[in-house]
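Q: Okay, so here is start-v5.tsv, and as you'll see once you scroll down, it has TSV, C-alpha atoms.
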```tsv
chain	number	residue	atom	x	y	z
R	1	MET	CA	1.54	30.79	2.06
R	2	ASN	CA	1.35	31.06	-1.57
R	3	ARG	CA	-0.72	33.25	-3.70
R	4	VAL	CA	-1.50	30.53	-6.25
R	5	ARG	CA	-2.95	28.84	-3.22
R	6	LEU	CA	-0.25	26.23	-3.48
R	7	LEU	CA	-0.56	26.90	0.12
R	8	PRO	CA	0.97	26.40	3.35
R	9	LEU	CA	4.57	25.61	3.42
R	10	LEU	CA	5.03	25.80	7.05
R	11	SER	CA	8.49	24.38	7.40
R	12	LEU	CA	9.66	25.31	10.83
R	13	LEU	CA	13.01	26.85	11.09
R	14	LEU	CA	15.11	25.45	13.85
R	15	ILE	CA	16.89	27.99	15.74
R	16	ALA	CA	19.20	27.54	18.56
R	17	ALA	CA	21.02	30.74	18.21
R	18	CYS	CA	21.59	30.84	21.93
R	19	SER	CA	23.03	27.35	22.14
R	20	GLY	CA	26.25	26.35	20.52
R	21	ALA	CA	24.89	22.92	19.69
R	22	PRO	CA	25.70	21.62	16.21
R	23	ALA	CA	22.99	21.49	13.56
R	24	PRO	CA	21.09	18.20	13.70
R	25	ASP	CA	21.13	15.60	10.95
R	26	MET	CA	18.20	15.87	8.61
R	27	PRO	CA	17.19	12.41	7.41
R	28	GLY	CA	14.88	12.37	4.46
R	29	MET	CA	15.66	15.98	3.54
R	30	THR	CA	16.52	15.47	-0.11
R	31	GLY	CA	18.80	18.21	-1.33
R	32	MET	CA	18.99	19.81	2.14
R	33	PRO	CA	22.46	20.66	3.40
R	34	THR	CA	23.39	19.12	6.75
R	35	ALA	CA	26.79	20.71	7.15
R	36	GLY	CA	28.67	23.84	6.29
R	37	LEU	CA	26.09	26.23	7.79
R	38	PRO	CA	27.36	28.71	10.35
R	39	ASN	CA	25.85	27.74	13.68
R	40	GLU	CA	27.80	29.85	16.10
R	41	PRO	CA	25.65	31.59	18.71
R	42	THR	CA	24.71	35.18	18.03
R	43	PRO	CA	26.79	37.44	20.31
R	44	PRO	CA	24.91	39.30	23.04
R	45	GLN	CA	23.30	42.43	21.66
R	46	PRO	CA	24.04	45.78	23.31
R	47	ALA	CA	21.20	47.92	24.59
R	48	PHE	CA	19.47	49.06	21.44
R	49	GLN	CA	17.94	52.30	20.33
R	50	ALA	CA	14.32	51.46	19.55
R	51	LEU	CA	12.40	52.87	16.62
R	52	PRO	CA	11.12	56.29	17.77
R	53	GLY	CA	7.47	56.12	18.75
R	54	MET	CA	7.49	52.37	19.39
R	55	PRO	CA	6.19	51.34	22.84
R	56	ALA	CA	9.12	50.50	25.09
R	57	VAL	CA	10.39	46.93	25.33
R	58	THR	CA	9.77	46.13	29.00
R	59	ASN	CA	11.66	42.82	29.06
R	60	PRO	CA	14.62	42.38	26.65
R	61	HIS	CA	14.51	38.62	27.28
R	62	ASN	CA	10.92	38.51	26.05
R	63	VAL	CA	9.68	41.13	23.59
R	64	ASP	CA	6.26	39.46	23.85
R	65	ALA	CA	6.09	39.93	27.64
R	66	ASN	CA	3.16	42.33	27.35
R	67	ALA	CA	1.09	39.79	25.42
R	68	GLY	CA	0.91	37.21	28.18
R	69	ALA	CA	-2.19	35.31	29.23
R	70	GLY	CA	-5.04	37.64	30.14
R	71	MET	CA	-3.01	40.82	29.60
R	72	LEU	CA	-5.78	42.59	27.70
R	73	SER	CA	-5.44	46.26	26.88
R	74	PRO	CA	-8.20	48.70	27.89
R	75	ALA	CA	-8.56	49.24	24.13
R	76	VAL	CA	-10.24	45.84	23.79
R	77	ALA	CA	-12.52	46.17	26.80
R	78	GLY	CA	-16.01	45.23	25.72
R	79	ASP	CA	-14.89	43.55	22.50
R	80	LYS	CA	-16.88	40.44	21.69
R	81	PRO	CA	-14.91	37.19	22.03
R	82	LEU	CA	-15.16	35.89	18.45
R	83	VAL	CA	-13.11	33.98	15.89
R	84	TYR	CA	-13.08	35.42	12.35
R	85	VAL	CA	-12.44	32.90	9.57
R	86	PRO	CA	-11.63	34.22	6.04
R	87	HIS	CA	-12.04	31.86	3.08
R	88	SER	CA	-9.86	32.04	-0.01
R	89	LYS	CA	-12.26	30.14	-2.26
R	90	SER	CA	-15.72	31.23	-1.14
R	91	GLY	CA	-14.66	34.86	-0.55
R	92	ASP	CA	-16.45	35.29	2.75
R	93	VAL	CA	-15.76	35.62	6.47
R	94	TRP	CA	-17.43	33.27	8.91
R	95	VAL	CA	-17.66	34.23	12.57
R	96	ILE	CA	-17.49	31.62	15.35
R	97	ASP	CA	-18.48	31.99	19.00
R	98	PRO	CA	-15.53	30.38	20.87
R	99	ALA	CA	-17.71	29.65	23.90
R	100	THR	CA	-20.10	27.42	21.98
R	101	PHE	CA	-17.95	26.61	18.88
R	102	ALA	CA	-20.98	27.59	16.78
R	103	VAL	CA	-20.88	29.63	13.56
R	104	VAL	CA	-22.91	32.75	14.37
R	105	ALA	CA	-22.53	34.83	11.19
R	106	LYS	CA	-21.36	34.73	7.56
R	107	TYR	CA	-20.38	37.83	5.57
R	108	PRO	CA	-19.57	38.02	1.82
R	109	ALA	CA	-16.34	40.01	1.78
R	110	GLY	CA	-14.70	39.83	-1.65
R	111	LYS	CA	-13.05	37.63	-4.24
R	112	GLU	CA	-10.26	35.86	-2.37
R	113	LEU	CA	-10.01	36.40	1.37
R	114	GLN	CA	-6.61	35.69	2.91
R	115	HIS	CA	-6.23	36.94	6.50
R	116	VAL	CA	-8.12	38.82	9.20
R	117	VAL	CA	-5.66	41.37	10.61
R	118	PRO	CA	-5.91	43.45	13.83
R	119	SER	CA	-4.95	47.12	13.45
R	120	TRP	CA	-2.01	48.59	15.38
R	121	ASP	CA	-4.36	50.28	17.89
R	122	LEU	CA	-6.40	47.06	18.30
R	123	ARG	CA	-9.60	48.90	17.33
R	124	THR	CA	-10.32	47.38	13.91
R	125	LEU	CA	-9.99	43.99	12.24
R	126	TYR	CA	-9.33	43.94	8.48
R	127	ALA	CA	-10.26	41.05	6.19
R	128	THR	CA	-7.77	41.20	3.30
R	129	ASP	CA	-8.85	40.48	-0.28
R	130	ASP	CA	-5.84	40.43	-2.59
R	131	GLN	CA	-7.67	39.75	-5.84
R	132	GLY	CA	-10.29	42.39	-5.05
R	133	ASP	CA	-7.70	45.04	-4.04
R	134	GLN	CA	-9.59	45.81	-0.87
R	135	VAL	CA	-9.95	45.22	2.84
R	136	MET	CA	-13.19	44.90	4.79
R	137	PRO	CA	-13.05	46.40	8.31
R	138	PHE	CA	-14.82	44.71	11.24
R	139	ASP	CA	-15.73	46.46	14.48
R	140	PRO	CA	-14.55	44.07	17.22
R	141	LYS	CA	-17.02	45.51	19.71
R	142	THR	CA	-19.97	44.40	17.60
R	143	GLY	CA	-18.44	41.84	15.26
R	144	LEU	CA	-20.07	43.65	12.33
R	145	PRO	CA	-18.37	44.63	9.04
R	146	GLY	CA	-18.11	48.13	7.58
R	147	PRO	CA	-17.63	49.58	4.09
R	148	LYS	CA	-14.74	48.12	2.08
R	149	ILE	CA	-11.55	50.14	1.61
R	150	HIS	CA	-9.37	50.13	-1.52
R	151	VAL	CA	-5.89	48.72	-0.83
R	152	THR	CA	-3.47	47.47	-3.47
R	153	ASP	CA	-3.16	43.66	-3.51
R	154	PRO	CA	-3.39	43.07	0.28
R	155	TYR	CA	-2.34	39.44	0.45
R	156	ASN	CA	-1.24	40.26	3.97
R	157	VAL	CA	-1.14	43.45	6.06
R	158	TYR	CA	1.33	44.53	8.74
R	159	PHE	CA	1.72	47.66	10.88
R	160	THR	CA	5.02	49.33	11.74
R	161	PRO	CA	5.91	49.12	15.45
R	162	ASP	CA	5.46	52.87	15.88
R	163	GLY	CA	1.94	52.68	14.44
R	164	LYS	CA	2.72	55.18	11.67
R	165	PHE	CA	2.18	52.94	8.65
R	166	ALA	CA	0.14	50.03	7.43
R	167	ILE	CA	2.01	47.83	4.95
R	168	SER	CA	0.14	45.96	2.25
R	169	VAL	CA	2.17	42.94	1.20
R	170	ALA	CA	1.36	43.01	-2.51
R	171	GLU	CA	2.47	39.48	-3.32
R	172	ALA	CA	1.48	39.39	-6.99
R	173	ARG	CA	3.14	42.76	-7.66
R	174	ARG	CA	6.34	42.09	-5.73
R	175	LYS	CA	6.17	45.23	-3.66
R	176	LEU	CA	5.22	46.64	-0.28
R	177	VAL	CA	2.72	49.49	-0.30
R	178	TRP	CA	2.86	51.84	2.70
R	179	TYR	CA	-0.37	53.51	3.84
R	180	ASP	CA	-1.58	55.93	6.48
R	181	PRO	CA	-3.25	53.41	8.83
R	182	HIS	CA	-6.17	55.73	9.60
R	183	THR	CA	-7.08	57.25	6.24
R	184	TRP	CA	-5.65	54.46	4.04
R	185	GLN	CA	-4.09	57.06	1.78
R	186	GLU	CA	-1.07	55.60	-0.02
R	187	HIS	CA	2.26	57.05	1.10
R	188	ASP	CA	4.92	55.22	-0.92
R	189	GLU	CA	6.07	51.83	-2.19
R	190	THR	CA	9.06	49.53	-1.73
R	191	ALA	CA	9.82	47.35	-4.71
R	192	VAL	CA	11.05	43.83	-3.96
R	193	PRO	CA	11.52	42.48	-7.51
R	194	ASP	CA	13.67	39.53	-6.41
R	195	CYS	CA	11.21	38.43	-3.72
R	196	GLY	CA	8.75	36.24	-5.62
R	197	GLY	CA	5.85	35.26	-3.39
R	198	VAL	CA	6.46	37.92	-0.74
R	199	ASP	CA	3.92	37.19	1.97
R	200	HIS	CA	4.87	37.00	5.68
R	201	ALA	CA	6.95	39.22	7.98
R	202	ASP	CA	8.14	39.90	11.50
R	203	PHE	CA	9.97	42.80	13.10
R	204	SER	CA	13.22	43.04	15.04
R	205	ALA	CA	13.14	43.63	18.79
R	206	ASP	CA	14.10	47.30	18.31
R	207	GLY	CA	11.40	47.75	15.65
R	208	ARG	CA	13.86	49.14	13.12
R	209	THR	CA	13.93	46.18	10.74
R	210	ALA	CA	11.38	43.87	9.13
R	211	VAL	CA	12.14	40.57	7.43
R	212	PHE	CA	9.73	39.46	4.68
R	213	THR	CA	9.67	35.92	3.33
R	214	CYS	CA	9.80	35.16	-0.39
R	215	GLU	CA	7.90	31.91	-0.94
R	216	PHE	CA	8.67	31.48	-4.62
R	217	ALA	CA	12.29	32.66	-4.44
R	218	GLY	CA	13.73	30.73	-1.52
R	219	ARG	CA	14.98	33.85	0.24
R	220	VAL	CA	13.96	36.72	2.51
R	221	ALA	CA	13.96	40.50	2.07
R	222	VAL	CA	15.28	42.75	4.85
R	223	VAL	CA	13.63	46.18	4.98
R	224	ASP	CA	14.55	49.29	7.00
R	225	ILE	CA	11.40	50.63	8.68
R	226	ALA	CA	12.45	54.27	9.03
R	227	SER	CA	13.42	54.73	5.38
R	228	HIS	CA	11.18	52.04	3.79
R	229	ARG	CA	14.32	50.91	1.96
R	230	LEU	CA	15.18	47.37	0.89
R	231	VAL	CA	18.45	46.71	2.70
R	232	ARG	CA	19.42	43.25	1.42
R	233	MET	CA	18.22	39.87	0.24
R	234	ILE	CA	19.28	36.69	2.02
R	235	ASP	CA	19.12	33.32	0.29
R	236	MET	CA	18.26	30.21	2.23
R	237	PRO	CA	21.06	27.59	2.04
R	238	HIS	CA	18.73	25.52	-0.13
R	239	ARG	CA	16.40	27.72	-2.16
R	240	ASN	CA	12.96	26.15	-2.43
R	241	THR	CA	10.81	28.00	-4.93
R	242	HIS	CA	7.57	25.99	-5.04
R	243	MET	CA	6.37	26.41	-1.45
R	244	GLY	CA	9.49	27.83	0.11
R	245	PRO	CA	9.76	30.31	2.99
R	246	GLN	CA	6.36	30.88	4.61
R	247	ASP	CA	5.66	32.29	8.04
R	248	ILE	CA	8.42	33.91	10.13
R	249	LYS	CA	8.67	34.48	13.87
R	250	LEU	CA	11.18	36.38	16.00
R	251	ALA	CA	12.46	34.46	19.03
R	252	PRO	CA	11.25	36.07	22.28
R	253	ASP	CA	14.74	37.39	23.09
R	254	GLY	CA	15.27	38.71	19.57
R	255	SER	CA	18.27	36.43	19.04
R	256	VAL	CA	17.01	34.74	15.88
R	257	TYR	CA	14.16	34.51	13.42
R	258	TYR	CA	12.49	31.18	12.71
R	259	ILE	CA	11.42	30.78	9.07
R	260	ALA	CA	9.01	28.01	8.11
R	261	ASP	CA	9.83	26.41	4.75
R	262	SER	CA	7.08	24.13	3.47
R	263	ASP	CA	9.21	22.38	0.85
R	264	ALA	CA	12.04	21.86	3.34
R	265	ASN	CA	9.65	20.44	5.97
R	266	GLY	CA	11.07	22.55	8.74
R	267	LEU	CA	12.49	25.89	9.87
R	268	TRP	CA	15.50	27.88	8.86
R	269	VAL	CA	17.08	29.87	11.68
R	270	LEU	CA	18.19	33.38	10.72
R	271	ASP	CA	20.39	35.40	13.06
R	272	GLY	CA	18.74	38.28	14.93
R	273	ALA	CA	20.62	40.90	12.92
R	274	ALA	CA	19.15	39.36	9.75
R	275	THR	CA	22.47	38.79	7.99
R	276	HIS	CA	22.86	35.01	7.59
R	277	VAL	CA	21.21	31.64	8.20
R	278	LEU	CA	22.54	29.77	11.23
R	279	ARG	CA	20.98	26.33	10.91
R	280	PHE	CA	17.93	24.24	10.06
R	281	ILE	CA	15.32	22.59	12.29
R	282	PRO	CA	13.26	19.72	10.84
R	283	THR	CA	9.62	19.66	11.98
R	284	GLY	CA	7.20	17.96	9.58
R	285	ARG	CA	5.85	17.92	6.04
R	286	GLY	CA	4.63	21.32	4.88
R	287	ALA	CA	5.85	23.51	7.75
R	288	HIS	CA	3.80	26.65	7.48
R	289	GLY	CA	2.53	28.75	10.42
R	290	LEU	CA	4.36	29.87	13.57
R	291	TYR	CA	2.76	30.85	16.88
R	292	LEU	CA	4.04	31.47	20.40
R	293	SER	CA	2.50	30.20	23.62
R	294	ARG	CA	1.25	32.94	25.91
R	295	ASP	CA	4.30	32.64	28.15
R	296	ALA	CA	6.50	32.76	25.02
R	297	LYS	CA	8.29	29.58	26.09
R	298	GLN	CA	7.02	27.38	23.27
R	299	LEU	CA	6.79	27.82	19.51
R	300	TYR	CA	4.00	26.02	17.66
R	301	VAL	CA	4.74	25.04	14.06
R	302	THR	CA	1.88	23.87	11.86
R	303	ASN	CA	2.86	21.08	9.47
R	304	ARG	CA	0.13	21.49	6.90
R	305	HIS	CA	0.90	18.49	4.72
R	306	GLU	CA	0.99	15.91	7.49
R	307	GLY	CA	-1.70	17.12	9.88
R	308	SER	CA	0.52	17.86	12.85
R	309	VAL	CA	1.84	20.65	15.05
R	310	SER	CA	5.47	20.59	16.21
R	311	VAL	CA	6.15	22.16	19.60
R	312	LEU	CA	9.62	23.67	20.03
R	313	ASP	CA	11.44	25.56	22.74
R	314	ALA	CA	10.95	29.15	21.56
R	315	TYR	CA	14.42	30.22	22.69
R	316	THR	CA	16.58	27.34	21.51
R	317	GLY	CA	14.46	25.67	18.84
R	318	ALA	CA	14.85	22.33	20.61
R	319	PRO	CA	11.97	19.89	19.92
R	320	VAL	CA	9.51	19.41	22.77
R	321	THR	CA	6.77	17.23	21.29
R	322	VAL	CA	4.54	16.72	18.25
R	323	TRP	CA	0.74	16.94	18.30
R	324	ARG	CA	-0.96	14.88	15.59
R	325	LEU	CA	-4.51	15.52	14.44
R	326	PRO	CA	-6.68	12.38	14.59
R	327	GLY	CA	-7.06	11.15	11.02
R	328	GLY	CA	-4.69	13.82	9.71
R	329	GLY	CA	-5.62	17.25	8.39
R	330	SER	CA	-4.20	20.49	7.03
R	331	PRO	CA	-3.47	22.90	9.92
R	332	ASP	CA	-2.61	26.29	8.46
R	333	MET	CA	-2.93	29.71	10.12
R	334	GLY	CA	-4.58	30.96	13.31
R	335	ASN	CA	-3.60	31.95	16.84
R	336	VAL	CA	-3.70	31.21	20.55
R	337	THR	CA	-6.61	32.34	22.72
R	338	ALA	CA	-6.16	35.23	25.17
R	339	ASP	CA	-5.95	32.88	28.14
R	340	GLY	CA	-3.42	30.68	26.34
R	341	THR	CA	-5.37	27.44	26.72
R	342	GLN	CA	-6.38	26.86	23.08
R	343	LEU	CA	-4.73	27.00	19.66
R	344	TRP	CA	-7.20	27.71	16.82
R	345	LEU	CA	-6.10	26.79	13.30
R	346	SER	CA	-7.73	26.78	9.88
R	347	GLY	CA	-7.84	23.44	8.08
R	348	ARG	CA	-6.88	24.84	4.69
R	349	TYR	CA	-7.73	21.85	2.54
R	350	ASP	CA	-10.43	20.27	4.69
R	351	ARG	CA	-13.07	23.01	5.16
R	352	VAL	CA	-12.73	22.92	8.93
R	353	VAL	CA	-11.29	24.83	11.87
R	354	TYR	CA	-9.32	22.89	14.50
R	355	VAL	CA	-9.31	23.81	18.19
R	356	LEU	CA	-6.40	22.23	20.09
R	357	SER	CA	-5.63	22.20	23.79
R	358	THR	CA	-2.25	23.82	24.44
R	359	LYS	CA	-1.92	21.57	27.49
R	360	ASP	CA	-1.52	18.33	25.57
R	361	GLY	CA	-2.40	19.04	21.91
R	362	SER	CA	-5.68	17.13	22.12
R	363	LEU	CA	-8.30	18.04	19.54
R	364	LEU	CA	-11.13	19.81	21.37
R	365	ARG	CA	-13.29	20.57	18.35
R	366	LYS	CA	-13.33	20.33	14.56
R	367	ILE	CA	-15.75	22.93	13.23
R	368	PRO	CA	-17.07	22.72	9.64
R	369	VAL	CA	-16.58	25.99	7.71
R	370	GLY	CA	-16.37	27.19	4.08
R	371	ALA	CA	-13.99	26.60	1.18
R	372	GLU	CA	-10.28	27.07	1.97
R	373	PRO	CA	-10.26	28.72	5.38
R	374	HIS	CA	-7.03	30.68	5.74
R	375	GLY	CA	-5.64	33.28	8.19
R	376	LEU	CA	-8.22	33.18	10.98
R	377	CYS	CA	-8.14	35.71	13.80
R	378	VAL	CA	-8.94	34.86	17.42
R	379	TRP	CA	-10.17	37.99	19.19
R	380	PRO	CA	-9.50	39.66	21.56
R	381	GLN	CA	-5.74	39.22	21.85
R	382	PRO	CA	-3.49	40.34	24.74
R	383	GLY	CA	-0.90	43.02	24.10
R	384	ARG	CA	-0.46	46.77	23.79
R	385	TYR	CA	-0.36	46.98	20.00
R	386	SER	CA	-0.59	44.80	16.89
R	387	LEU	CA	2.02	44.27	14.19
R	388	GLY	CA	-0.63	42.70	11.94
R	389	HIS	CA	-1.01	39.29	10.29
R	390	THR	CA	-3.42	37.15	12.37
R	391	GLY	CA	-2.53	38.95	15.58
R	392	ILE	CA	1.19	39.47	16.23
R	393	THR	CA	0.93	41.56	19.39
R	394	ARG	CA	3.56	42.97	21.74
```
Could you quickly redo this structure as structure tokens?

A:
Amino acid sequence: MNRVRLLPLLSLLLIAACSGAPAPDMPGMTGMPTAGLPNEPTPPQPAFQALPGMPAVTNPHNVDANAGAGMLSPAVAGDKPLVYVPHSKSGDVWVIDPATFAVVAKYPAGKELQHVVPSWDLRTLYATDDQGDQVMPFDPKTGLPGPKIHVTDPYNVYFTPDGKFAISVAEARRKLVWYDPHTWQEHDETAVPDCGGVDHADFSADGRTAVFTCEFAGRVAVVDIASHRLVRMIDMPHRNTHMGPQDIKLAPDGSVYYIADSDANGLWVLDGAATHVLRFIPTGRGAHGLYLSRDAKQLYVTNRHEGSVSVLDAYTGAPVTVWRLPGGGSPDMGNVTADGTQLWLSGRYDRVVYVLSTKDGSLLRKIPVGAEPHGLCVWPQPGRYSLGHTGITR
């Protein structure tokens, strides 16, 4: 997602790190390499030493096993089932009742709202306002906002797997700002000067590494969580710098990362150790957002420029099907409901929110909202803790 609102470049990154199959041909991919990329399977990883303080991985084959359908933490007991929709243009958050699909509240929240982000402990939702240098907290038990908090350029916000730090992804300033997640006192910064358009991230299975995408640089930045140090930069085989790397998602077994590239119209597949790109998976025009089904078997890729959602095998990256919105649209960011039956997505350029059935991709509702809906949050979410964004829970 770009800061200039040249938005969603959700190109879904094909990954079949577990299969030795050759990279597929990529018809229509002007300037995209179709050969010469390493595509050997990632060797089995030995038992890892997790980041101290991170909740234990209960299933190495599925790091998302504790975020399955209906697996709600006691921390979210009593939380109101609501969908929070931030708007980049109108600077407000609209709240939707998912039972009736009706808008039940509207709250002015700042200058340019980007995402609504669940805190690590699942107790607070933060609406991020990058241009206003602030976040607005929402109490999920009441759905009501609280006083705004100063945070430097929070285009996006993530939380370290041990819960010790909140990370403001300061896109315009090319840096990561680390905060105490309770007091929001700044701790330190990590400069990423060669990562233009830094915006999305995901964490390794052991919690020790984060990979941040660089939309305007055609690369990713690998960061060590314990030291807050930039470890290395990795270029995509074809560096798109208009709407390049967007969202990123770790495969359930930790074997690879899928990286949506809007300009490439698909996904790059990065090895699980975050050292090199394995292959490319074509999905659709404007590949942008990445979401897992509740059983972690399928990966949903939103193709924002063609109004479709590609469904892939989450472990191999193999295509399963494509869901097309009637009449087209601009599916952007969102999440799956707690029971796994619905996928809610903002319609970035169409002032709507889409609700899709995860059974067959049928459009259940199209809800009119404000100007440029962006990173909406479906709440509550299953899981023991949140890594941030629109609800990456494990």

Q: Would you kindly return, as a VMD selection string, each protein, DNA or RNA residue with an atom no farther than 10 Å from any atom of R:Met71, considering all atoms listed in the file and excluding same-chain residues fewer than 4 positions away?

A: chain R and resid 65 to 67 294 338 to 339 381 to 384

Q: Show me, as JSON, numbers by chain, the residues that have an atom within 7 Å of stretch 200-212 of chain R when counting all atoms listed in the file, minus same-chain residues fewer than 6 positions from it.

A: {"R": [48, 49, 50, 51, 63, 161, 220, 221, 222, 223, 224, 225, 226, 246, 247, 248, 249, 250, 254]}

Q: Select, from R:Tyr315, R:Tyr84, R:Trp344, R:Tyr179, the residue with the minimum atom-to-atom distance to R:Gln298, counting all atoms listed in the file.

A: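 Among R:Tyr315, R:Tyr84, R:Trp344, R:Tyr179, it is R:Tyr315 that comes nearest to R:Gln298.
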
Q: Any idea what the distance is between atom CA of R:Thr241 and atom CA of R:Val320?

A: 29.0 Å

Q: With 12 Å as the threshold, what does the neighbourhood of (-4.9, 25.6, 22.4) contain in terms of residues, counting all atoms listed in the file? Coordinates are those of the file; answer as an mmCIF file with C-alpha atoms, keeping the file's coordinate frame.

A:
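Saved to point-v2.cif:
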```cif
data_model
loop_
_atom_site.group_PDB
_atom_site.id
_atom_site.type_symbol
_atom_site.label_atom_id
_atom_site.label_comp_id
_atom_site.auth_asym_id
_atom_site.auth_seq_id
_atom_site.Cartn_x
_atom_site.Cartn_y
_atom_site.Cartn_z
ATOM 1 C CA PRO R 98 -15.530 30.380 20.870
ATOM 2 C CA TYR R 291 2.760 30.850 16.880
ATOM 3 C CA LEU R 292 4.040 31.470 20.400
ATOM 4 C CA SER R 293 2.500 30.200 23.620
ATOM 5 C CA ARG R 294 1.250 32.940 25.910
ATOM 6 C CA TYR R 300 4.000 26.020 17.660
ATOM 7 C CA VAL R 309 1.840 20.650 15.050
ATOM 8 C CA VAL R 311 6.150 22.160 19.600
ATOM 9 C CA TRP R 323 0.740 16.940 18.300
ATOM 10 C CA GLY R 334 -4.580 30.960 13.310
ATOM 11 C CA ASN R 335 -3.600 31.950 16.840
ATOM 12 C CA VAL R 336 -3.700 31.210 20.550
ATOM 13 C CA THR R 337 -6.610 32.340 22.720
ATOM 14 C CA ALA R 338 -6.160 35.230 25.170
ATOM 15 C CA ASP R 339 -5.950 32.880 28.140
ATOM 16 C CA GLY R 340 -3.420 30.680 26.340
ATOM 17 C CA THR R 341 -5.370 27.440 26.720
ATOM 18 C CA GLN R 342 -6.380 26.860 23.080
ATOM 19 C CA LEU R 343 -4.730 27.000 19.660
ATOM 20 C CA TRP R 344 -7.200 27.710 16.820
ATOM 21 C CA LEU R 345 -6.100 26.790 13.300
ATOM 22 C CA TYR R 354 -9.320 22.890 14.500
ATOM 23 C CA VAL R 355 -9.310 23.810 18.190
ATOM 24 C CA LEU R 356 -6.400 22.230 20.090
ATOM 25 C CA SER R 357 -5.630 22.200 23.790
ATOM 26 C CA THR R 358 -2.250 23.820 24.440
ATOM 27 C CA LYS R 359 -1.920 21.570 27.490
ATOM 28 C CA ASP R 360 -1.520 18.330 25.570
ATOM 29 C CA GLY R 361 -2.400 19.040 21.910
ATOM 30 C CA SER R 362 -5.680 17.130 22.120
ATOM 31 C CA LEU R 363 -8.300 18.040 19.540
ATOM 32 C CA LEU R 364 -11.130 19.810 21.370
ATOM 33 C CA ARG R 365 -13.290 20.570 18.350
ATOM 34 C CA VAL R 378 -8.940 34.860 17.420
#
```

Q: Take the point (-9.4, 47.0, 28.1) as written in the file and pick out every residue within 12 Å of it, counting all atoms listed in the file; give the list as a PyMOL selection string.

A: chain R and resi 70-80+121-123+141+380-384
